[in-house]
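A.B. asks: Next up is a structure, given as structure tokens.
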Amino acid sequence: MIVTPFFVALPLALTAPPCADCHTRAHQQWAVSAHGRSQASPLYLAMRAWARAEAGEAFAERCDHCHTVALAEGGRTAAVECGACHLARPGDGSPAALRIDPAGPVQAIQASGHAPHEIAVTPALAADTPCLPCHAQLTNPAGVPLCTTGPEAATRPGGAPCIACHRPHAFAGTTPDVLGRAATLSLDRRGDTLTVTVIARGVGHALPTGSALRQVRLEVEFLDRRGRRLADNRHDPEALFARLLADEDGRVPAPPWRARSVAQDSRLAAGERRVLSYPIPPGARSAEARLAYHRAPPALLARFDLASQPALAPHIIARAALGFPPSH
């Protein structure tokens with residue numbers, strides 16, 4: 001069954017524009033960020049539509065807990081906007097309990113003598129506190145973890161806060177510059193074997209993190225002297241770094257509402273070094289390797305007719321190549 005994405009009519013109210021009157025640069029950064037487009041992603045809309053069609057509106061509404069924010073006077077925002085951090089009442093710390101109170105003081109890291117509104121100096125804004133309601137550990141009704149970024153980050157080396165890498169207002173996550181720092185890749189020949197070393201050197205959580213849709217795949221090709229492919233590793237299950245969910249019948253991957261267990265978690269932990277080995281085929285003169293980041297499995301994008309969307313195209317995190325001298 002193909003599910004066509006659609007927009008859902010909700011009582012929405014966007015409170016970011018008043019902030020933009022003074023905080024122009026911050027608003028411009030936010031507007032093109034994933035937070036600013038949290039209700040506009042074609043993949044999100046397709047997944048929400050699928051959830052509604054198969055699991056019902058009650059489950060689909062759970063998506064809104066992190067992709068919009070409730071307003072204290074009723075309704076929800078049209079995105080994860082300024083008030084989510086600066087006017088938020090955290091409640092019990094869950095995304096469902098988060099409320100924006102437009103009448104409250106604006107939380108800021110430091111005071112300002114020129115603000116036209118009341119400011120509450122809140123040092124916790126520079127820590128992980130504003131991020132965790134939606135980026136800690138989220139589970140489905142069966143208790144299966146759908147996102148575990150919070151526990152992953154809790155053990156990261158150095159303890160740097162989220163905004164050390166994911167800049168305030170821009171909230172860069174899967175952008176090319178951030179992904180380009182996430183991992184390193186190197187190749188070495190040991191006799192008739194190619195060893196590939198992957199190190200998650202530039203992340204403070206698992207690689208990939210967040211939604212279980214996200215995957216990183218190691219792609220290795222062996223080429224002959226004319227640059228033609230002799231062999232590759234496309235069928236190697238160990239070359240896939242992902243968290244795969246299973247349904248009650250053990251089918252993998254399962255969408256979040258069907259998930260009853262985590263069938264596999266082969267992601268790289270922060271700082272982890274992983275080595276994979278492949279036999280070098282006769283006639284190979286070189287090897288090329290790539291780490292490809294996928295926002296969703298290719299089969300799922302094809303199901304939604306989203307495979308041609310540029311924003312959902314695989315992104316190469318790292319590349320490496322190694323030549324083999326001809327044998328005499």
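Letters A, B, ... go to the chains of the structure tokens in the order shown; residues in each chain start at 1; ligands are counted from 1 in the same order.
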Could you give me, as an MDAnalysis selection string, each residue of segment 38-256 of chain A that DSSP assigns to helix (DSSP H, G or I) when run on this structure's backbone?
C.D. replies: chainID A and resid 42:55 57:67 83:86 95:97 123:126 132:135 149:154 157:159 162:164 176:179 237:239
A.B. asks: As a PyMOL selection string, please: every residue in segment 242-321 of chain A that DSSP puts in strand (DSSP E or B).
C.D. replies: chain A and resi 242-246+261-265+268+273-279+286-294+315-321
A.B. asks: Sort by chain and increasing residue number a table of all residues of segment 33-150 of chain A within 12 Å of segment 293-305 of chain A, each with its closest pair of atoms and their distance in Å to one decimal, counting only C-alpha atoms, and write it as CSV.
C.D. replies:
```
residue,atom,partner,partner_atom,distance
A:Ser41,CA,A:Arg295,CA,11.5
A:Pro42,CA,A:Phe304,CA,9.1
A:Leu43,CA,A:Leu301,CA,7.9
A:Tyr44,CA,A:Ala296,CA,10.7
A:Leu45,CA,A:Phe304,CA,10.1
A:Ala46,CA,A:Phe304,CA,6.7
A:Met47,CA,A:Phe304,CA,8.8
A:Arg48,CA,A:Phe304,CA,11.7
A:Ala49,CA,A:Phe304,CA,10.5
A:Trp50,CA,A:Phe304,CA,9.6
```
A.B. asks: Rank A:Ala254, A:Ala284, A:Ala51, A:Val262 by their smallest atom-to-atom distance to Thr148 of chain A, using only C-alpha atoms, and report the top residue only.
C.D. replies: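 Closest to Thr148 of chain A of all the choices is A:Val262.
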A.B. asks: Identify, on the basis of only C-alpha atoms, every residue whose closest approach to Cys22 of chain A does not exceed 12 Å; exclude the query and any residue fewer than 3 positions from it along the same chain; express the result as a list in words.
C.D. replies: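 Contacts, with the query itself left out: Ala16, Pro17, Pro18, Cys19, Arg25, Ala26, His27, Gln28, His114, Ala115, Pro116 and His117 of chain A.
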A.B. asks: What's the separation between atom CA of Ser112 of chain A and atom CA of Cys165 of chain A, in Å to one decimal place?
C.D. replies: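 About the pair atom CA of Ser112 of chain A and atom CA of Cys165 of chain A: they are 25.4 Å apart.
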A.B. asks: Would you write out, as CSV, a table of all residues in segment 257-286 of chain A that have an atom no more than 7 Å from an atom of segment 223-230 of chain A, listing for each the closest atom pair and the distance in Å to one decimal, considering only C-alpha atoms and ordering rows by chain and rising residue number?
C.D. replies:
```
residue,atom,partner,partner_atom,distance
A:Gly283,CA,A:Asp224,CA,5.9
A:Ala284,CA,A:Asp224,CA,4.7
A:Arg285,CA,A:Asp224,CA,5.1
A:Ser286,CA,A:Leu223,CA,5.4
```
A.B. asks: For atom CA of Gly204 of chain A and atom CA of Pro123 of chain A, quote the distance in Å rounded to one decimal.
C.D. replies: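 About the pair atom CA of Gly204 of chain A and atom CA of Pro123 of chain A: they are 21.1 Å apart.
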A.B. asks: For His86 of chain A, please output as a PDB file with C-alpha atoms, in the first residue's frame all residues within 12 Å (counting only C-alpha atoms; exclusion window: fewer than 5 positions along the same chain).
C.D. replies:
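Generated output (part.pdb):
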```
ATOM      1  CA  THR A  15       4.684  32.870  17.883  1.00  0.00           C
ATOM      2  CA  ALA A  16       8.105  33.289  16.243  1.00  0.00           C
ATOM      3  CA  CYS A  19      10.763  37.575  18.079  1.00  0.00           C
ATOM      4  CA  VAL A  80       9.324  23.948  17.025  1.00  0.00           C
ATOM      5  CA  GLU A  81       9.685  27.676  17.450  1.00  0.00           C
ATOM      6  CA  LEU A  98       5.818  20.902  27.400  1.00  0.00           C
ATOM      7  CA  ARG A  99       3.850  24.171  27.240  1.00  0.00           C
ATOM      8  CA  ILE A 100       4.651  27.607  25.889  1.00  0.00           C
ATOM      9  CA  ASP A 101       3.415  30.501  28.015  1.00  0.00           C
ATOM     10  CA  PRO A 102       3.551  33.676  25.891  1.00  0.00           C
ATOM     11  CA  ALA A 103       2.734  35.745  28.994  1.00  0.00           C
ATOM     12  CA  GLY A 104       5.736  34.504  30.940  1.00  0.00           C
ATOM     13  CA  PRO A 105       9.229  36.039  31.099  1.00  0.00           C
ATOM     14  CA  VAL A 106      11.585  35.221  28.246  1.00  0.00           C
ATOM     15  CA  GLN A 107      14.297  32.827  29.393  1.00  0.00           C
ATOM     16  CA  ALA A 108      17.795  33.883  28.338  1.00  0.00           C
ATOM     17  CA  ILE A 109      21.361  32.991  29.240  1.00  0.00           C
ATOM     18  CA  GLU A 118      10.819  40.649  31.046  1.00  0.00           C
ATOM     19  CA  ILE A 119      13.853  38.337  31.055  1.00  0.00           C
ATOM     20  CA  ALA A 120      14.467  35.392  33.352  1.00  0.00           C
ATOM     21  CA  VAL A 121      18.176  34.564  33.416  1.00  0.00           C
ATOM     22  CA  THR A 122      18.309  30.797  32.874  1.00  0.00           C
ATOM     23  CA  PRO A 123      21.829  29.259  32.770  1.00  0.00           C
ATOM     24  CA  ALA A 124      20.282  25.861  31.932  1.00  0.00           C
ATOM     25  CA  LEU A 125      19.630  27.141  28.400  1.00  0.00           C
ATOM     26  CA  ALA A 126      23.326  26.623  27.708  1.00  0.00           C
ATOM     27  CA  THR A 129      17.906  20.931  29.463  1.00  0.00           C
ATOM     28  CA  PRO A 130      15.907  22.563  26.612  1.00  0.00           C
ATOM     29  CA  CYS A 131      16.740  19.695  24.225  1.00  0.00           C
ATOM     30  CA  PRO A 168      21.628  27.685  18.919  1.00  0.00           C
ATOM     31  CA  HIS A 169      18.905  28.880  16.502  1.00  0.00           C
TER      32      HIS A 169
END
```
A.B. asks: Rank A:Leu213, A:Cys147, A:Val220, A:Ala263 by their smallest atom-to-atom distance to Ile280 of chain A, using only C-alpha atoms, and report the top residue only.
C.D. replies: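 Closest residue, counting only C-alpha atoms: A:Val220.
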